[in-house]
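Coordinates as given in coords_25.cif (mmCIF, C-alpha atoms):
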```cif
data_input
loop_
_atom_site.label_atom_id
_atom_site.label_comp_id
_atom_site.auth_asym_id
_atom_site.auth_seq_id
_atom_site.Cartn_x
_atom_site.Cartn_y
_atom_site.Cartn_z
CA MET A 25 71.90 -9.50 -4.57
CA THR A 26 68.78 -7.31 -4.62
CA ALA A 27 65.44 -8.12 -3.01
CA ALA A 28 64.06 -8.95 -6.43
CA GLU A 29 66.42 -11.89 -6.92
CA LEU A 30 65.65 -15.32 -5.58
CA PRO A 31 68.48 -16.65 -3.44
CA PRO A 32 70.15 -19.81 -4.74
CA GLY A 33 68.64 -23.07 -3.62
CA ILE A 34 65.27 -21.76 -2.55
CA SER A 35 63.44 -23.28 -5.53
CA THR A 36 64.90 -26.68 -4.75
CA ASP A 37 64.00 -26.30 -1.07
CA LEU A 38 60.39 -25.46 -1.93
CA ARG A 39 60.04 -28.40 -4.30
CA ARG A 40 61.46 -30.72 -1.64
CA LEU A 41 58.96 -29.27 0.80
CA ALA A 42 56.11 -29.96 -1.63
CA ASP A 43 57.36 -33.53 -2.21
CA ALA A 44 57.40 -34.22 1.51
CA GLU A 45 54.07 -32.56 2.18
CA LEU A 46 52.21 -34.19 -0.70
CA SER A 47 53.37 -37.74 -0.09
CA LEU A 48 50.51 -40.17 -0.81
CA PRO A 49 51.87 -43.08 1.32
CA SER A 50 51.95 -40.82 4.36
CA ARG A 51 48.30 -39.86 3.80
CA LEU A 52 47.17 -43.43 3.23
CA GLY A 53 49.14 -44.54 6.31
CA HIS A 54 47.10 -42.14 8.41
CA VAL A 55 43.86 -43.29 6.76
CA ALA A 56 44.82 -46.88 7.68
CA LEU A 57 45.63 -45.76 11.22
CA LEU A 58 42.21 -44.10 11.45
CA LEU A 59 40.37 -47.20 10.23
CA GLY A 60 42.40 -49.50 12.51
CA ALA A 61 41.83 -47.31 15.55
CA ILE A 62 38.07 -47.10 14.93
CA THR A 63 37.87 -50.87 14.41
CA MET A 64 39.74 -51.60 17.62
CA THR A 65 37.46 -49.25 19.52
CA ILE A 66 34.35 -50.91 18.07
CA ILE A 67 35.53 -54.44 18.85
CA VAL A 68 36.44 -53.62 22.44
CA SER A 69 33.22 -51.65 22.93
CA SER A 70 31.16 -54.55 21.56
CA LEU A 71 32.87 -56.99 23.92
CA TRP A 72 32.24 -54.71 26.87
CA LEU A 73 28.59 -54.03 26.01
CA THR A 74 27.67 -57.67 25.42
CA GLU A 75 29.48 -59.30 28.35
CA ALA A 76 27.33 -58.85 31.45
CA GLN A 77 29.60 -60.28 34.13
CA LEU A 78 33.00 -58.76 33.46
CA PRO A 79 35.44 -58.45 36.37
CA VAL A 80 36.38 -54.90 37.39
CA ARG A 81 39.97 -55.36 36.19
CA THR A 82 38.73 -56.40 32.74
CA ARG A 83 36.41 -53.40 32.56
CA ILE A 84 39.28 -51.11 33.46
CA ALA A 85 41.44 -52.76 30.79
CA PHE A 86 38.67 -52.34 28.21
CA ALA A 87 38.16 -48.71 29.20
CA VAL A 88 41.87 -48.03 28.77
CA MET A 89 41.84 -49.74 25.35
CA ILE A 90 38.82 -47.69 24.26
CA VAL A 91 40.54 -44.47 25.36
CA ILE A 92 43.65 -45.50 23.42
CA GLY A 93 41.55 -46.29 20.34
CA LEU A 94 39.73 -42.96 20.53
CA SER A 95 43.02 -41.11 21.03
CA TRP A 96 44.53 -42.68 17.91
CA THR A 97 41.32 -41.90 16.03
CA ALA A 98 41.47 -38.26 17.10
CA PHE A 99 45.16 -38.06 16.20
CA ALA A 100 44.61 -39.53 12.72
CA VAL A 101 41.67 -37.17 12.09
CA TRP A 102 43.79 -34.20 13.21
CA VAL A 103 46.68 -35.18 10.92
CA LEU A 104 44.36 -35.66 7.95
CA THR A 105 42.67 -32.31 8.49
CA HIS A 106 45.69 -30.20 9.48
CA ARG A 107 48.97 -31.76 8.35
CA ARG A 108 48.38 -34.24 5.55
CA ILE A 109 45.30 -32.62 4.07
CA LEU A 110 43.35 -34.93 1.80
CA LEU A 111 42.93 -33.24 -1.58
CA ALA A 112 40.13 -34.31 -3.95
CA ARG A 113 41.97 -37.28 -5.46
CA HIS A 114 43.25 -38.42 -2.08
CA ARG A 115 39.71 -38.33 -0.68
CA ILE A 116 38.50 -40.74 -3.33
CA ILE A 117 41.34 -43.17 -2.63
CA ALA A 118 40.76 -42.84 1.12
CA GLY A 119 37.00 -43.29 0.62
CA ARG A 120 37.49 -46.48 -1.41
CA LEU A 121 39.86 -47.82 1.24
CA ALA A 122 37.35 -47.03 3.97
CA VAL A 123 34.43 -48.66 2.10
CA THR A 124 36.45 -51.80 1.39
CA PHE A 125 37.77 -52.07 4.92
CA THR A 126 34.43 -51.44 6.66
CA ALA A 127 32.57 -53.79 4.29
CA VAL A 128 35.04 -56.61 5.02
CA PHE A 129 34.83 -55.90 8.74
CA ALA A 130 31.02 -55.73 8.85
CA LEU A 131 30.56 -58.86 6.74
CA GLY A 132 33.21 -60.75 8.72
CA ALA A 133 31.64 -59.83 12.05
CA LEU A 134 28.19 -60.74 10.70
CA GLY A 135 29.49 -64.10 9.49
CA VAL A 136 31.04 -64.89 12.87
CA GLY A 137 27.88 -63.73 14.64
CA VAL A 138 25.58 -65.85 12.49
CA ALA A 139 27.85 -68.92 12.66
CA THR A 140 28.51 -68.83 16.39
CA GLY A 141 25.56 -66.84 17.70
CA ARG A 142 27.94 -64.68 19.75
CA PRO A 143 26.22 -61.39 20.62
CA GLU A 144 29.46 -59.35 20.61
CA ALA A 145 30.05 -60.35 16.97
CA LEU A 146 26.54 -59.27 15.99
CA SER A 147 27.00 -56.00 17.89
CA ALA A 148 30.31 -55.42 16.07
CA ALA A 149 28.56 -56.19 12.76
CA GLY A 150 25.92 -53.55 13.56
CA LEU A 151 28.53 -50.92 14.37
CA GLY A 152 30.55 -52.00 11.32
CA THR A 153 27.49 -51.49 9.13
CA MET A 154 27.11 -47.97 10.50
CA MET A 155 30.76 -47.34 9.64
CA LEU A 156 30.16 -48.73 6.16
CA VAL A 157 27.22 -46.39 5.59
CA ALA A 158 29.34 -43.42 6.74
CA ALA A 159 32.22 -44.52 4.47
CA VAL A 160 29.90 -44.82 1.44
CA ALA A 161 28.46 -41.37 2.17
CA LEU A 162 31.98 -39.90 2.36
CA LEU A 163 32.97 -41.63 -0.89
CA ILE A 164 29.90 -40.27 -2.72
CA ARG A 165 30.68 -36.79 -1.43
CA ALA A 166 34.32 -37.13 -2.50
CA HIS A 167 33.25 -38.18 -6.02
CA ARG A 168 30.87 -35.23 -6.32
CA GLU A 169 33.52 -32.75 -5.23
CA PHE A 170 36.08 -34.34 -7.56
CA SER A 171 33.66 -34.14 -10.51
CA ARG A 172 32.85 -30.50 -9.72
CA LEU A 173 36.54 -29.59 -9.67
CA VAL A 174 37.31 -31.56 -12.84
CA SER A 175 34.44 -29.79 -14.66
CA ARG A 176 35.72 -26.41 -13.49
CA ARG A 177 39.31 -27.29 -14.43
CA ASP A 178 38.29 -28.39 -17.92
CA ALA A 179 36.07 -25.33 -18.46
CA LEU A 180 38.94 -23.04 -17.41
CA ALA A 181 41.37 -24.95 -19.62
CA ARG A 182 39.10 -24.35 -22.61
CA GLU A 183 38.78 -20.64 -21.73
CA ILE A 184 42.52 -20.09 -21.52
CA GLY A 185 43.35 -22.41 -24.40
CA ARG A 186 45.21 -25.09 -22.49
CA MET B 9 50.75 8.92 -13.98
CA THR B 10 48.25 6.33 -12.82
CA ASP B 11 44.93 6.78 -11.11
CA ILE B 12 45.09 4.65 -8.00
CA GLU B 13 41.43 3.65 -8.38
CA ASP B 14 41.92 2.45 -11.92
CA GLN B 15 45.11 0.48 -11.45
CA ALA B 16 44.18 -3.08 -12.29
CA PHE B 17 46.13 -6.32 -12.35
CA PRO B 18 44.81 -9.30 -14.26
CA ALA B 19 43.98 -11.95 -11.65
CA GLY B 20 43.48 -14.29 -14.53
CA LYS B 21 41.78 -17.54 -15.21
CA GLU B 22 45.27 -19.06 -15.20
CA ASP B 23 45.46 -18.62 -11.43
CA GLU B 24 42.08 -20.18 -10.88
CA TRP B 25 42.96 -23.07 -13.17
CA LEU B 26 46.17 -23.62 -11.24
CA ALA B 27 44.40 -23.48 -7.86
CA VAL B 28 41.71 -25.95 -8.97
CA ARG B 29 44.36 -28.38 -10.18
CA CYS B 30 46.12 -28.11 -6.82
CA GLN B 31 42.81 -28.78 -5.06
CA LEU B 32 42.38 -31.87 -7.21
CA GLY B 33 45.77 -33.08 -5.98
CA GLU B 34 47.76 -32.78 -9.22
CA ARG B 35 51.40 -32.85 -8.16
CA ALA B 36 52.60 -30.96 -11.25
CA ALA B 37 50.26 -28.08 -10.42
CA PHE B 38 52.10 -27.47 -7.14
CA ASP B 39 55.38 -27.19 -9.04
CA GLU B 40 53.76 -24.68 -11.39
CA LEU B 41 52.36 -22.77 -8.43
CA ILE B 42 55.82 -22.57 -6.88
CA GLU B 43 57.36 -21.60 -10.20
CA ARG B 44 54.85 -18.80 -10.74
CA TYR B 45 54.70 -17.34 -7.25
CA GLN B 46 58.04 -18.00 -5.60
CA GLY B 47 59.43 -14.77 -7.09
CA PRO B 48 56.59 -12.37 -6.19
CA LEU B 49 56.21 -13.85 -2.69
CA TRP B 50 59.96 -13.79 -2.10
CA ARG B 51 60.16 -10.13 -3.12
CA TYR B 52 57.39 -9.27 -0.68
CA VAL B 53 58.97 -11.22 2.18
CA ARG B 54 62.49 -10.00 1.50
CA ARG B 55 61.45 -6.34 1.47
CA VAL B 56 59.60 -6.63 4.75
CA ALA B 57 61.83 -9.08 6.66
CA PRO B 58 64.94 -7.65 8.31
CA ASP B 59 67.45 -10.03 6.70
CA GLU B 60 67.75 -12.92 4.27
CA ASP B 61 67.76 -15.65 6.93
CA ALA B 62 64.48 -14.39 8.38
CA ALA B 63 63.07 -14.09 4.86
CA ARG B 64 64.00 -17.70 4.11
CA GLU B 65 62.33 -18.93 7.30
CA VAL B 66 59.17 -16.97 6.60
CA THR B 67 59.12 -18.18 3.00
CA GLN B 68 59.38 -21.83 4.01
CA ASP B 69 56.72 -21.39 6.69
CA ALA B 70 54.40 -19.61 4.27
CA TRP B 71 54.73 -22.26 1.55
CA LEU B 72 54.06 -24.97 4.12
CA ARG B 73 50.83 -23.17 5.01
CA VAL B 74 49.97 -22.78 1.33
CA ILE B 75 50.38 -26.49 0.58
CA ARG B 76 48.43 -27.48 3.67
CA GLY B 77 45.73 -24.90 3.16
CA ILE B 78 45.01 -24.78 -0.56
CA GLY B 79 42.43 -27.56 -0.28
CA ARG B 80 40.35 -25.23 1.87
CA LEU B 81 40.60 -22.23 -0.46
CA ARG B 82 36.92 -21.49 -1.10
CA ASP B 83 37.29 -19.25 -4.13
CA PRO B 84 40.19 -20.41 -6.33
CA ALA B 85 39.82 -17.22 -8.40
CA ARG B 86 41.18 -15.34 -5.34
CA LEU B 87 44.43 -17.33 -5.36
CA ARG B 88 46.75 -14.33 -5.55
CA PRO B 89 45.43 -12.33 -2.56
CA TRP B 90 45.05 -15.59 -0.63
CA LEU B 91 48.74 -16.39 -1.19
CA PHE B 92 49.90 -12.93 -0.16
CA GLY B 93 47.56 -13.07 2.85
CA ILE B 94 49.17 -16.30 4.01
CA VAL B 95 52.63 -14.82 3.57
CA ARG B 96 51.55 -11.78 5.54
CA ARG B 97 50.33 -13.95 8.43
CA ALA B 98 53.65 -15.81 8.38
CA LEU B 99 55.46 -12.46 8.44
CA MET B 100 53.33 -11.21 11.31
CA ASP B 101 54.02 -14.37 13.31
CA ARG B 102 57.76 -13.97 12.72
CA LEU B 103 57.92 -10.18 13.18
CA ARG B 104 55.22 -9.84 15.82
CA ASP B 105 57.20 -7.27 17.80
CA GLN B 106 57.77 -5.00 14.83
CA TYR B 107 54.12 -5.08 13.82
CA ALA B 108 53.08 -4.42 17.42
CA ARG B 109 55.32 -1.33 17.53
CA ALA B 110 53.87 0.03 14.30
CA VAL B 111 52.06 3.24 15.07
CA GLU B 112 48.51 3.45 13.72
CA THR B 113 48.30 6.93 12.27
CA ASP B 114 46.09 6.37 9.25
CA CYS B 115 44.89 9.74 8.01
CA ASP B 116 41.50 10.79 6.72
CA VAL B 117 40.83 9.29 3.30
CA THR B 118 39.12 12.46 2.12
CA GLU B 119 42.41 14.32 2.47
CA ILE B 120 44.10 12.09 -0.09
CA PRO B 121 44.41 13.43 -3.63
CA ALA B 122 42.55 11.41 -6.25
CA ARG B 123 45.76 10.72 -8.12
CA VAL B 124 48.09 9.50 -5.45
CA ASP B 125 50.85 8.54 -7.84
CA SER B 126 51.31 12.20 -8.71
CA ALA B 127 52.94 12.62 -5.30
CA LEU B 128 56.03 10.87 -6.67
CA PRO B 129 55.89 11.31 -10.43
CA GLU B 130 59.54 10.73 -11.13
CA LEU B 131 60.10 7.83 -8.76
CA GLN B 132 62.06 4.91 -10.18
CA LEU B 133 61.85 1.29 -9.07
CA GLN B 134 65.50 1.25 -8.05
CA GLN B 135 65.00 4.30 -5.85
CA VAL B 136 62.04 2.71 -4.13
CA GLU B 137 63.99 -0.50 -3.61
CA ARG B 138 66.86 1.39 -2.01
CA GLU B 139 64.78 3.48 0.34
CA LEU B 140 62.19 0.95 1.40
CA ALA B 141 64.38 -0.38 4.18
CA ALA B 142 64.33 3.03 5.88
CA LEU B 143 60.56 2.99 6.30
CA PRO B 144 58.61 1.48 9.24
CA ILE B 145 57.25 -2.00 8.60
CA VAL B 146 53.62 -0.99 7.96
CA GLU B 147 54.55 1.56 5.29
CA ARG B 148 57.22 -0.70 3.81
CA GLU B 149 54.67 -3.47 3.50
CA VAL B 150 51.93 -1.46 1.82
CA LEU B 151 54.37 0.06 -0.66
CA THR B 152 55.79 -3.35 -1.47
CA LEU B 153 52.39 -4.86 -2.09
CA PHE B 154 51.02 -2.05 -4.20
CA TYR B 155 53.73 0.12 -5.66
CA LEU B 156 55.91 -2.75 -6.75
CA LYS B 157 52.98 -3.96 -8.88
CA GLU B 158 52.21 -7.24 -7.25
CA LEU B 159 48.59 -6.51 -6.31
CA SER B 160 45.71 -4.19 -7.06
CA LEU B 161 44.40 -1.79 -4.41
CA GLY B 162 41.43 -4.07 -3.66
CA GLU B 163 43.71 -7.07 -3.34
CA VAL B 164 46.07 -5.19 -1.02
CA ALA B 165 43.06 -4.37 1.18
CA GLU B 166 42.12 -8.05 1.17
CA VAL B 167 45.65 -9.16 2.05
CA LEU B 168 45.97 -6.62 4.86
CA ASN B 169 42.40 -7.26 6.00
CA LEU B 170 41.70 -3.52 5.96
CA PRO B 171 39.16 -1.24 4.26
CA VAL B 172 40.33 0.18 0.92
CA GLY B 173 40.21 3.68 2.41
CA THR B 174 42.68 2.73 5.14
CA VAL B 175 45.00 1.20 2.56
CA LYS B 176 44.86 4.40 0.54
CA SER B 177 45.74 6.44 3.58
CA ARG B 178 48.66 4.15 4.38
CA LEU B 179 49.87 4.35 0.80
CA PHE B 180 49.61 8.11 0.89
CA ARG B 181 51.54 8.32 4.14
CA ALA B 182 54.13 5.79 2.96
CA ARG B 183 54.76 7.77 -0.20
CA GLN B 184 55.11 10.96 1.76
CA MET B 185 57.67 9.29 4.01
CA LEU B 186 59.49 7.89 1.01
CA ARG B 187 59.45 11.27 -0.64
CA GLY B 188 60.87 12.77 2.57
CA GLU B 189 63.69 10.23 2.59
CA LEU B 190 64.52 10.86 -1.06
CA THR B 191 64.33 14.63 -0.70
CA ALA B 192 66.62 14.55 2.33
CA LYS B 193 69.19 12.67 0.25
CA GLY B 194 68.85 15.08 -2.63
CA GLU B 195 67.45 12.45 -4.98
CA LEU B 196 64.14 14.26 -5.27
CA ARG B 197 63.31 17.93 -5.35
#
```
Just give me the structure as structure tokens.
Amino acid sequence: MTAAELPPGISTDLRRLADAELSLPSRLGHVALLLGAITMTIIVSSLWLTEAQLPVRTRIAFAVMIVIGLSWTAFAVWVLTHRRILLARHRIIAGRLAVTFTAVFALGALGVGVATGRPEALSAAGLGTMMLVAAVALLIRAHREFSRLVSRRDALAREIGR
Amino acid sequence: MTDIEDQAFPAGKEDEWLAVRCQLGERAAFDELIERYQGPLWRYVRRVAPDEDAAREVTQDAWLRVIRGIGRLRDPARLRPWLFGIVRRALMDRLRDQYARAVETDCDVTEIPARVDSALPELQLQQVERELAALPIVEREVLTLFYLKELSLGEVAEVLNLPVGTVKSRLFRARQMLRGELTAKGELR
């Protein structure tokens, strides 16, 4: 076999690699992990900030939970930016998930806060609203980038007669 | 006989179209990308890597980097040099010792004849293939990228992250070494 010839099996190996790397469920799983970790961190932070007389042991427990939440958040962000990169279509799906999730969370927390008057619920609703705004901004950006790429793809397709 | 400055390879709108589709996340585009470039990238890796096992490892590693990195490719029209650049980084990571031992003896660009190909007018592809393995890694690499018609001179410079003048000097030296090898074996007079 000369250097010019592909060895047997390498095409199959590369397609398997692409299948594994481009798996959508894996990406969405990490998006869900990211949203869950941020939510947990917000809830625990809200409880801590709004409860004035917490015992030291409880504060330590909350601090540990916040560190865990931030660690999972950092891990999910790292995976989504280095291992399971979100391509244009994936970003739109992830953006829609994030908007839906944060809207439900913010509205739920607001409802609980209004109904019960609990300050931690209102605090969580405030942070949830900030998350919702960020999620909407990311979704708008994802749509713009997607549209730009689709326009370029279609223009190129016309140029090369595809 | 080809003027080294004028040698051009069509980068093509096809490549850009393919890269944009990959950036959109079209699964079929990745299969087309593999189909189109697995051969050229394999030939580059196989000619530089010491054996087939190492070449397979580098190839897998490089394609992993391609799939993970194509979303960040800023100029999809530069797909071809970007791909070869990624493969080169994978090769350098795998063959770090060999690259480190490579002696930097790039000569003065002004000493190079305008028509470099005239140094080996009667050279055949099969002869180059056979003798490449005898050359040091730096010369083997530059000959593989340019002489075996995968990339233009400008693209080779981009892949190697070197000025065009340095690439020309390496090409010139590599051809001289190749000519020496062939002459010593009586295949070239």
Worksheet item: Between CA of Thr105 (chain A) and CA of Arg80 (chain B), what is the distance, to one decimal in Å?
Response: 10.0 Å
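Ranking A:Phe170, A:Val160, A:Arg142, A:Ile90 by their shortest atom-to-atom distance to Ile67 (chain A), with all atoms listed in the file included, puts A:Ile90 first.
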Per-residue nearest contacts chain A to chain B, cut-off 8 Å, using only C-alpha atoms, as a tab-separated table:
```
residue	atom	partner	partner_atom	distance
A:Ala27	CA	B:Arg51	CA	5.7
A:Ala28	CA	B:Arg51	CA	5.2
A:Glu29	CA	B:Arg51	CA	7.5
A:Leu30	CA	B:Gly47	CA	6.4
A:Ile34	CA	B:Arg64	CA	7.9
A:Ser35	CA	B:Gln46	CA	7.6
A:Leu38	CA	B:Gln68	CA	7.0
A:Arg39	CA	B:Asp39	CA	6.8
A:Leu41	CA	B:Leu72	CA	7.3
A:Ala42	CA	B:Ile75	CA	7.1
A:Glu45	CA	B:Ile75	CA	7.3
A:Leu46	CA	B:Arg35	CA	7.6
A:His106	CA	B:Arg76	CA	7.0
A:Arg107	CA	B:Arg76	CA	6.4
A:Arg108	CA	B:Arg76	CA	7.0
A:Ile109	CA	B:Arg76	CA	6.0
A:Leu110	CA	B:Gly79	CA	7.7
A:Leu111	CA	B:Gly33	CA	5.2
A:Ala112	CA	B:Leu32	CA	4.7
A:Arg113	CA	B:Gly33	CA	5.7
A:His114	CA	B:Gly33	CA	7.1
A:Phe170	CA	B:Leu32	CA	6.8
A:Leu173	CA	B:Val28	CA	6.4
A:Val174	CA	B:Leu32	CA	7.6
A:Arg176	CA	B:Val28	CA	7.5
A:Arg177	CA	B:Trp25	CA	5.7
A:Leu180	CA	B:Trp25	CA	5.8
A:Ala181	CA	B:Trp25	CA	6.9
A:Glu183	CA	B:Lys21	CA	7.8
A:Ile184	CA	B:Lys21	CA	6.8
```
Practice prompt. Please identify all polymer residues within 9 Å of Ala145 (chain A), counting all atoms listed in the file, omitting same-chain residues fewer than 6 positions from it, and present them as a PyMOL selection string.
Written response: chain A and resi 67+70-71+132-138
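CA of Leu73 (chain A) sits 15.3 Å away from CA of Val91 (chain A).
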Practice prompt. Measure the distance from CA of Gly60 (chain A) to CA of Arg115 (chain A) in Å and round it to one decimal.
Written response: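 Separation between CA of Gly60 (chain A) and CA of Arg115 (chain A): 17.5 Å.
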Item to complete: Could you give me, as a ChimeraX atom specification, the residues within 10 Å of Ala165 (chain B), counting all atoms listed in the file and dropping anything in the same chain fewer than 3 positions from it?
Response: /B:89,93,150,153-154,159-162,168-176
Please output region 43-52 of chain A, rebuilt to include all heavy atoms, as a PDB file, in the frame of the given file.
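And here's part08.pdb as it stands now:
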```
ATOM      1  N   ASP A  43      57.268 -32.062  -2.118  1.00  0.00           N
ATOM      2  CA  ASP A  43      57.360 -33.530  -2.210  1.00  0.00           C
ATOM      3  C   ASP A  43      57.015 -34.179  -0.882  1.00  0.00           C
ATOM      4  O   ASP A  43      56.238 -35.132  -0.812  1.00  0.00           O
ATOM      5  CB  ASP A  43      58.780 -33.958  -2.622  1.00  0.00           C
ATOM      6  CG  ASP A  43      59.018 -33.762  -4.117  1.00  0.00           C
ATOM      7  OD1 ASP A  43      58.026 -33.745  -4.858  1.00  0.00           O
ATOM      8  OD2 ASP A  43      60.188 -33.627  -4.512  1.00  0.00           O
ATOM      9  N   ALA A  44      57.617 -33.639   0.181  1.00  0.00           N
ATOM     10  CA  ALA A  44      57.400 -34.220   1.510  1.00  0.00           C
ATOM     11  C   ALA A  44      55.956 -34.036   1.958  1.00  0.00           C
ATOM     12  O   ALA A  44      55.340 -34.954   2.505  1.00  0.00           O
ATOM     13  CB  ALA A  44      58.355 -33.572   2.524  1.00  0.00           C
ATOM     14  N   GLU A  45      55.417 -32.865   1.701  1.00  0.00           N
ATOM     15  CA  GLU A  45      54.070 -32.560   2.180  1.00  0.00           C
ATOM     16  C   GLU A  45      52.983 -33.297   1.404  1.00  0.00           C
ATOM     17  O   GLU A  45      51.911 -33.553   1.945  1.00  0.00           O
ATOM     18  CB  GLU A  45      53.814 -31.055   2.080  1.00  0.00           C
ATOM     19  CG  GLU A  45      54.467 -30.258   3.176  1.00  0.00           C
ATOM     20  CD  GLU A  45      53.891 -30.580   4.546  1.00  0.00           C
ATOM     21  OE1 GLU A  45      52.666 -30.597   4.694  1.00  0.00           O
ATOM     22  OE2 GLU A  45      54.682 -30.834   5.464  1.00  0.00           O
ATOM     23  N   LEU A  46      53.256 -33.597   0.136  1.00  0.00           N
ATOM     24  CA  LEU A  46      52.210 -34.190  -0.700  1.00  0.00           C
ATOM     25  C   LEU A  46      52.348 -35.696  -0.858  1.00  0.00           C
ATOM     26  O   LEU A  46      51.727 -36.293  -1.728  1.00  0.00           O
ATOM     27  CB  LEU A  46      52.220 -33.512  -2.081  1.00  0.00           C
ATOM     28  CG  LEU A  46      51.865 -32.028  -2.052  1.00  0.00           C
ATOM     29  CD1 LEU A  46      52.213 -31.352  -3.368  1.00  0.00           C
ATOM     30  CD2 LEU A  46      50.398 -31.819  -1.724  1.00  0.00           C
ATOM     31  N   SER A  47      53.142 -36.302   0.019  1.00  0.00           N
ATOM     32  CA  SER A  47      53.370 -37.740  -0.090  1.00  0.00           C
ATOM     33  C   SER A  47      52.073 -38.543   0.106  1.00  0.00           C
ATOM     34  O   SER A  47      51.398 -38.418   1.125  1.00  0.00           O
ATOM     35  CB  SER A  47      54.412 -38.135   0.977  1.00  0.00           C
ATOM     36  OG  SER A  47      54.216 -39.448   1.385  1.00  0.00           O
ATOM     37  N   LEU A  48      51.730 -39.357  -0.878  1.00  0.00           N
ATOM     38  CA  LEU A  48      50.510 -40.170  -0.810  1.00  0.00           C
ATOM     39  C   LEU A  48      50.623 -41.288   0.236  1.00  0.00           C
ATOM     40  O   LEU A  48      49.688 -41.497   1.014  1.00  0.00           O
ATOM     41  CB  LEU A  48      50.162 -40.741  -2.191  1.00  0.00           C
ATOM     42  CG  LEU A  48      48.865 -41.545  -2.258  1.00  0.00           C
ATOM     43  CD1 LEU A  48      47.654 -40.678  -1.886  1.00  0.00           C
ATOM     44  CD2 LEU A  48      48.661 -42.130  -3.652  1.00  0.00           C
ATOM     45  N   PRO A  49      51.763 -42.019   0.300  1.00  0.00           N
ATOM     46  CA  PRO A  49      51.870 -43.080   1.320  1.00  0.00           C
ATOM     47  C   PRO A  49      51.633 -42.570   2.730  1.00  0.00           C
ATOM     48  O   PRO A  49      50.995 -43.245   3.542  1.00  0.00           O
ATOM     49  CB  PRO A  49      53.310 -43.593   1.143  1.00  0.00           C
ATOM     50  CG  PRO A  49      53.644 -43.294  -0.274  1.00  0.00           C
ATOM     51  CD  PRO A  49      52.933 -42.010  -0.599  1.00  0.00           C
ATOM     52  N   SER A  50      52.139 -41.372   3.019  1.00  0.00           N
ATOM     53  CA  SER A  50      51.950 -40.820   4.360  1.00  0.00           C
ATOM     54  C   SER A  50      50.457 -40.612   4.643  1.00  0.00           C
ATOM     55  O   SER A  50      49.961 -40.903   5.733  1.00  0.00           O
ATOM     56  CB  SER A  50      52.719 -39.505   4.476  1.00  0.00           C
ATOM     57  OG  SER A  50      52.345 -38.832   5.639  1.00  0.00           O
ATOM     58  N   ARG A  51      49.746 -40.088   3.629  1.00  0.00           N
ATOM     59  CA  ARG A  51      48.300 -39.860   3.800  1.00  0.00           C
ATOM     60  C   ARG A  51      47.568 -41.191   4.016  1.00  0.00           C
ATOM     61  O   ARG A  51      46.742 -41.329   4.911  1.00  0.00           O
ATOM     62  CB  ARG A  51      47.729 -39.172   2.569  1.00  0.00           C
ATOM     63  CG  ARG A  51      48.005 -37.715   2.530  1.00  0.00           C
ATOM     64  CD  ARG A  51      47.618 -37.136   1.182  1.00  0.00           C
ATOM     65  NE  ARG A  51      47.609 -35.689   1.264  1.00  0.00           N
ATOM     66  CZ  ARG A  51      48.677 -34.931   1.392  1.00  0.00           C
ATOM     67  NH1 ARG A  51      49.863 -35.498   1.454  1.00  0.00           N
ATOM     68  NH2 ARG A  51      48.583 -33.623   1.493  1.00  0.00           N
ATOM     69  N   LEU A  52      47.871 -42.149   3.141  1.00  0.00           N
ATOM     70  CA  LEU A  52      47.170 -43.430   3.230  1.00  0.00           C
ATOM     71  C   LEU A  52      47.523 -44.147   4.535  1.00  0.00           C
ATOM     72  O   LEU A  52      46.692 -44.859   5.101  1.00  0.00           O
ATOM     73  CB  LEU A  52      47.517 -44.309   2.018  1.00  0.00           C
ATOM     74  CG  LEU A  52      47.042 -43.732   0.677  1.00  0.00           C
ATOM     75  CD1 LEU A  52      47.303 -44.711  -0.455  1.00  0.00           C
ATOM     76  CD2 LEU A  52      45.556 -43.369   0.727  1.00  0.00           C
TER      77      LEU A  52
END
```
